[in-house]
Amino acid sequence: MDMIKPAMEEKNITFITPSLEKIKTIEYYVDVLKSQRMLMNILNNAYKFTGKGGHVTVSINNVTHDDTTSTDEIAIEDDGCGMSEEFLGRIFTSFAQEENIYSSEVPGTGLGLALARENARAMGGDIRVESKLGVGSKFIITFPYKYRTVSEESCEKRRKAREASDLGGKNILLCEDNEINAVIGERLLEKEGCIVT
């Protein structure tokens with residue numbers, strides 16, 4: 001969410017996100033890269049297909065949990081152009097794209113949602129969508145994961161290890177063919193103290 005927030009602000013989109021509390025003594029077992037890619041593909045679409053001054057909302061709700069496993073539902077909702085009923089039947093197909101008011105402005109390959117669903121399913125979850133042409137879209141991600149409780153001492157050791165791998169002052173060459181992703185990547189790296197080319 002932090003990665004795409006600057007782009008949302010630039011387009012004057014009201015970006016509503018949940019306040020997330022970090023609990024130091026819980027270790028979560030998730031595929032971070034797959035999770036980030038999945039969320040970025042959906043958030044990027046919400047950004048691209050929502051007009052200036054629109055709204056994008058992210059909400060997270062726990063559906064079920066026990067002592068070691070949990071399942072959340074992550075909803076990403078926008079008031080953008082929406083999609084036709086016909087297109088919804090093939091939305092998760094590779095290279096599927098629908099002609100809409102943003103098509104000429106927004107280049108894309110039609111792979112983002114197919115990859116997002118593939119990542120969700122690889123992690124034991126799924127993605128479903130509700131959309132109405134001219135009204136907006138809502139993507140609901142079923143996100144299962146395992147977790148465990150750890151000691152404060154163990155948390156402190158991990159924090160120190162992260163600090164030791166600081167990126168501050170490092171020269172980074174950023175290669176990205178999507179202008180929005182390039183701006184987001186550059187801002188995130190600069191926030192970590194990197195010198196970005």
# chains A, B, ... in the order shown; residues from 1 in each chain; ligands from 1
>>> residues_around(residues="A:Gly168", least_positions_apart="2", cutoff="12 Å", atoms="only C-alpha atoms", output="number ranges by chain")
A: 163-166, 170-172, 188-196
>>> write_last_selection(atoms="C-alpha atoms", output="PDB file, in the first residue's frame")
ATOM      1  CA  GLU A 163      19.276  -2.993  10.666  1.00  0.00           C
ATOM      2  CA  ALA A 164      22.642  -4.571   9.788  1.00  0.00           C
ATOM      3  CA  SER A 165      21.433  -5.089   6.217  1.00  0.00           C
ATOM      4  CA  ASP A 166      20.648  -1.376   5.775  1.00  0.00           C
ATOM      5  CA  LYS A 170      24.001   2.148  -1.733  1.00  0.00           C
ATOM      6  CA  ASN A 171      23.899   2.913  -5.484  1.00  0.00           C
ATOM      7  CA  ILE A 172      20.928   1.219  -7.149  1.00  0.00           C
ATOM      8  CA  LEU A 188      10.753   3.534  -1.921  1.00  0.00           C
ATOM      9  CA  LEU A 189      14.481   3.080  -2.512  1.00  0.00           C
ATOM     10  CA  GLU A 190      15.196   6.751  -1.805  1.00  0.00           C
ATOM     11  CA  LYS A 191      13.173   6.426   1.408  1.00  0.00           C
ATOM     12  CA  GLU A 192      15.652   3.687   2.433  1.00  0.00           C
ATOM     13  CA  GLY A 193      18.542   6.087   1.739  1.00  0.00           C
ATOM     14  CA  CYS A 194      19.590   4.637  -1.639  1.00  0.00           C
ATOM     15  CA  ILE A 195      21.084   6.635  -4.500  1.00  0.00           C
ATOM     16  CA  VAL A 196      18.854   5.686  -7.421  1.00  0.00           C
TER      17      VAL A 196
END
>>> residues_around(residues="A:Met3", least_positions_apart="2", cutoff="6 Å", atoms="only C-alpha atoms", output="VMD selection string")
chain A and resid 1 5 184
>>> closest_residue(among="A:Pro144, A:Gly169, A:Gly134, A:Gly112", to="A:Leu39", atoms="only C-alpha atoms")
A:Gly112
>>> atom_distance(atom1="atom CA of A:Thr17", atom2="atom CA of A:Gly110")
25.8 Å
>>> closest_atom_pairs(of="stretch 1-95 of chain A", to="stretch 118-132 of chain A", cutoff="7 Å", atoms="only C-alpha atoms", output="JSON lines")
{"residue": "A:Lys34", "atom": "CA", "partner": "A:Asn119", "partner_atom": "CA", "distance": 5.7}
{"residue": "A:Met38", "atom": "CA", "partner": "A:Asn119", "partner_atom": "CA", "distance": 6.2}
{"residue": "A:Gly82", "atom": "CA", "partner": "A:Lys132", "partner_atom": "CA", "distance": 5.1}
{"residue": "A:Met83", "atom": "CA", "partner": "A:Lys132", "partner_atom": "CA", "distance": 5.6}
{"residue": "A:Ser84", "atom": "CA", "partner": "A:Lys132", "partner_atom": "CA", "distance": 6.4}
>>> residues_around(residues="stretch 44-53 of chain A", least_positions_apart="6", cutoff="7 Å", atoms="only C-alpha atoms", output="ChimeraX atom specification")
/A:8,11-14,78-81,102,106
>>> closest_residue(among="A:Glu86, A:Glu77, A:Asp72, A:Asp31", to="A:Ile16", atoms="only C-alpha atoms")
A:Glu77
>>> residues_around(residues="A:Asn62", least_positions_apart="6", cutoff="10 Å", atoms="only C-alpha atoms", output="list of chain:residue names")
A:Ser70, A:Thr71, A:Asp72, A:Glu73, A:Ile74, A:Thr142, A:Phe143, A:Pro144
>>> closest_residue(among="A:Tyr28, A:Phe15, A:Leu133, A:Ile4", to="A:Arg148", atoms="only C-alpha atoms")
A:Tyr28
>>> atom_distance(atom1="atom CA of A:Met40", atom2="atom CA of A:Glu98")
19.7 Å
>>> closest_residue(among="A:Glu186, A:Gly136, A:Ala116, A:Glu9", to="A:Leu33", atoms="only C-alpha atoms")
A:Ala116
>>> select_by_dssp(residues="stretch 3-195 of chain A", states="strand (DSSP E)", output="number ranges by chain")
A: 14-16, 26-29, 55-65, 69-78, 126-132, 136-149, 171-172, 195
>>> closest_residue(among="A:Arg37, A:Ser151, A:Ala96, A:Lys138", to="A:Val56", atoms="only C-alpha atoms")
A:Lys138
>>> atom_distance(atom1="atom CA of A:Pro6", atom2="atom CA of A:Ala182")
11.7 Å
>>> decode(residues="stretch 14-30 of chain A", atoms="all heavy atoms", output="short mmCIF file (atom, residue, chain, number, x, y, z; two decimals), in the first residue's frame")
data_model
loop_
_atom_site.label_atom_id
_atom_site.label_comp_id
_atom_site.auth_asym_id
_atom_site.auth_seq_id
_atom_site.Cartn_x
_atom_site.Cartn_y
_atom_site.Cartn_z
N THR A 14 -8.55 9.38 -3.58
CA THR A 14 -8.63 9.16 -2.15
C THR A 14 -8.34 7.68 -1.90
O THR A 14 -9.10 6.82 -2.36
CB THR A 14 -10.03 9.54 -1.61
OG1 THR A 14 -10.28 10.91 -1.94
CG2 THR A 14 -10.12 9.34 -0.12
N PHE A 15 -7.24 7.41 -1.22
CA PHE A 15 -6.78 6.04 -1.00
C PHE A 15 -6.98 5.71 0.47
O PHE A 15 -6.25 6.19 1.34
CB PHE A 15 -5.31 5.92 -1.41
CG PHE A 15 -4.76 4.53 -1.41
CD1 PHE A 15 -5.50 3.44 -1.83
CD2 PHE A 15 -3.46 4.30 -0.99
CE1 PHE A 15 -4.97 2.16 -1.84
CE2 PHE A 15 -2.91 3.02 -1.00
CZ PHE A 15 -3.68 1.95 -1.43
N ILE A 16 -7.98 4.89 0.76
CA ILE A 16 -8.34 4.55 2.13
C ILE A 16 -7.77 3.18 2.45
O ILE A 16 -8.08 2.19 1.78
CB ILE A 16 -9.86 4.57 2.33
CG1 ILE A 16 -10.41 5.96 1.95
CG2 ILE A 16 -10.24 4.20 3.74
CD1 ILE A 16 -11.89 6.01 1.72
N THR A 17 -6.92 3.12 3.48
CA THR A 17 -6.27 1.86 3.86
C THR A 17 -6.53 1.59 5.33
O THR A 17 -6.72 2.52 6.11
CB THR A 17 -4.75 1.92 3.61
OG1 THR A 17 -4.20 2.99 4.38
CG2 THR A 17 -4.43 2.13 2.14
N PRO A 18 -6.51 0.32 5.72
CA PRO A 18 -6.73 0.00 7.14
C PRO A 18 -5.51 0.37 7.96
O PRO A 18 -4.39 0.38 7.46
CB PRO A 18 -6.95 -1.51 7.13
CG PRO A 18 -6.23 -1.99 5.91
CD PRO A 18 -6.30 -0.88 4.91
N SER A 19 -5.74 0.71 9.23
CA SER A 19 -4.59 0.92 10.11
C SER A 19 -4.15 -0.46 10.58
O SER A 19 -4.95 -1.22 11.13
CB SER A 19 -4.96 1.82 11.30
OG SER A 19 -6.02 1.24 12.03
N LEU A 20 -2.91 -0.80 10.29
CA LEU A 20 -2.39 -2.13 10.60
C LEU A 20 -1.44 -2.05 11.78
O LEU A 20 -0.47 -1.30 11.75
CB LEU A 20 -1.67 -2.70 9.37
CG LEU A 20 -2.52 -2.85 8.12
CD1 LEU A 20 -1.66 -3.27 6.94
CD2 LEU A 20 -3.63 -3.85 8.35
N GLU A 21 -1.74 -2.81 12.80
CA GLU A 21 -0.89 -2.85 13.98
C GLU A 21 0.14 -3.96 13.82
O GLU A 21 -0.20 -5.09 13.50
CB GLU A 21 -1.76 -3.13 15.21
CG GLU A 21 -0.99 -3.20 16.49
CD GLU A 21 -1.88 -3.63 17.67
OE1 GLU A 21 -3.11 -3.59 17.54
OE2 GLU A 21 -1.31 -4.03 18.70
N LYS A 22 1.41 -3.61 14.00
CA LYS A 22 2.46 -4.62 13.93
C LYS A 22 2.59 -5.28 15.29
O LYS A 22 2.80 -4.62 16.30
CB LYS A 22 3.79 -3.98 13.53
CG LYS A 22 3.82 -3.52 12.10
CD LYS A 22 5.19 -3.03 11.71
CE LYS A 22 5.17 -2.59 10.26
NZ LYS A 22 6.46 -2.09 9.82
N ILE A 23 2.46 -6.59 15.29
CA ILE A 23 2.60 -7.35 16.53
C ILE A 23 3.96 -8.04 16.48
O ILE A 23 4.16 -8.97 15.71
CB ILE A 23 1.45 -8.36 16.71
CG1 ILE A 23 0.12 -7.61 16.66
CG2 ILE A 23 1.61 -9.13 18.02
CD1 ILE A 23 -1.09 -8.51 16.61
N LYS A 24 4.90 -7.55 17.27
CA LYS A 24 6.28 -8.02 17.21
C LYS A 24 6.44 -9.49 17.56
O LYS A 24 7.35 -10.14 17.08
CB LYS A 24 7.15 -7.20 18.16
CG LYS A 24 7.30 -5.76 17.76
CD LYS A 24 8.14 -5.03 18.78
CE LYS A 24 8.23 -3.56 18.47
NZ LYS A 24 8.99 -2.83 19.49
N THR A 25 5.60 -9.99 18.42
CA THR A 25 5.80 -11.35 18.92
C THR A 25 5.09 -12.43 18.10
O THR A 25 4.94 -13.56 18.55
CB THR A 25 5.35 -11.45 20.39
OG1 THR A 25 3.98 -11.04 20.46
CG2 THR A 25 6.23 -10.59 21.28
N ILE A 26 4.66 -12.09 16.89
CA ILE A 26 4.06 -13.10 16.02
C ILE A 26 4.83 -13.16 14.72
O ILE A 26 5.12 -12.14 14.10
CB ILE A 26 2.57 -12.80 15.76
CG1 ILE A 26 1.79 -12.90 17.07
CG2 ILE A 26 2.01 -13.77 14.72
CD1 ILE A 26 0.31 -12.71 16.94
N GLU A 27 5.19 -14.37 14.32
CA GLU A 27 5.87 -14.61 13.06
C GLU A 27 4.85 -15.15 12.07
O GLU A 27 4.15 -16.12 12.36
CB GLU A 27 6.95 -15.69 13.25
CG GLU A 27 8.33 -15.17 13.19
CD GLU A 27 9.37 -16.28 13.39
OE1 GLU A 27 9.04 -17.48 13.31
OE2 GLU A 27 10.51 -15.91 13.66
N TYR A 28 4.77 -14.51 10.91
CA TYR A 28 3.82 -14.93 9.88
C TYR A 28 4.56 -15.66 8.78
O TYR A 28 5.62 -15.22 8.35
CB TYR A 28 3.11 -13.70 9.30
CG TYR A 28 2.32 -12.94 10.32
CD1 TYR A 28 2.89 -11.89 11.03
CD2 TYR A 28 1.01 -13.29 10.60
CE1 TYR A 28 2.17 -11.20 11.99
CE2 TYR A 28 0.28 -12.60 11.56
CZ TYR A 28 0.86 -11.56 12.24
OH TYR A 28 0.15 -10.90 13.19
N TYR A 29 4.01 -16.76 8.32
CA TYR A 29 4.62 -17.53 7.25
C TYR A 29 3.83 -17.30 5.98
O TYR A 29 2.78 -17.91 5.77
CB TYR A 29 4.65 -19.02 7.62
CG TYR A 29 5.53 -19.28 8.82
CD1 TYR A 29 4.99 -19.33 10.09
CD2 TYR A 29 6.90 -19.45 8.66
CE1 TYR A 29 5.80 -19.55 11.19
CE2 TYR A 29 7.72 -19.67 9.76
CZ TYR A 29 7.16 -19.71 11.01
OH TYR A 29 7.96 -19.92 12.11
N VAL A 30 4.34 -16.39 5.15
CA VAL A 30 3.71 -16.09 3.86
C VAL A 30 4.81 -15.96 2.83
O VAL A 30 5.97 -15.69 3.16
CB VAL A 30 2.87 -14.79 3.90
CG1 VAL A 30 1.73 -14.90 4.88
CG2 VAL A 30 3.72 -13.58 4.21
#
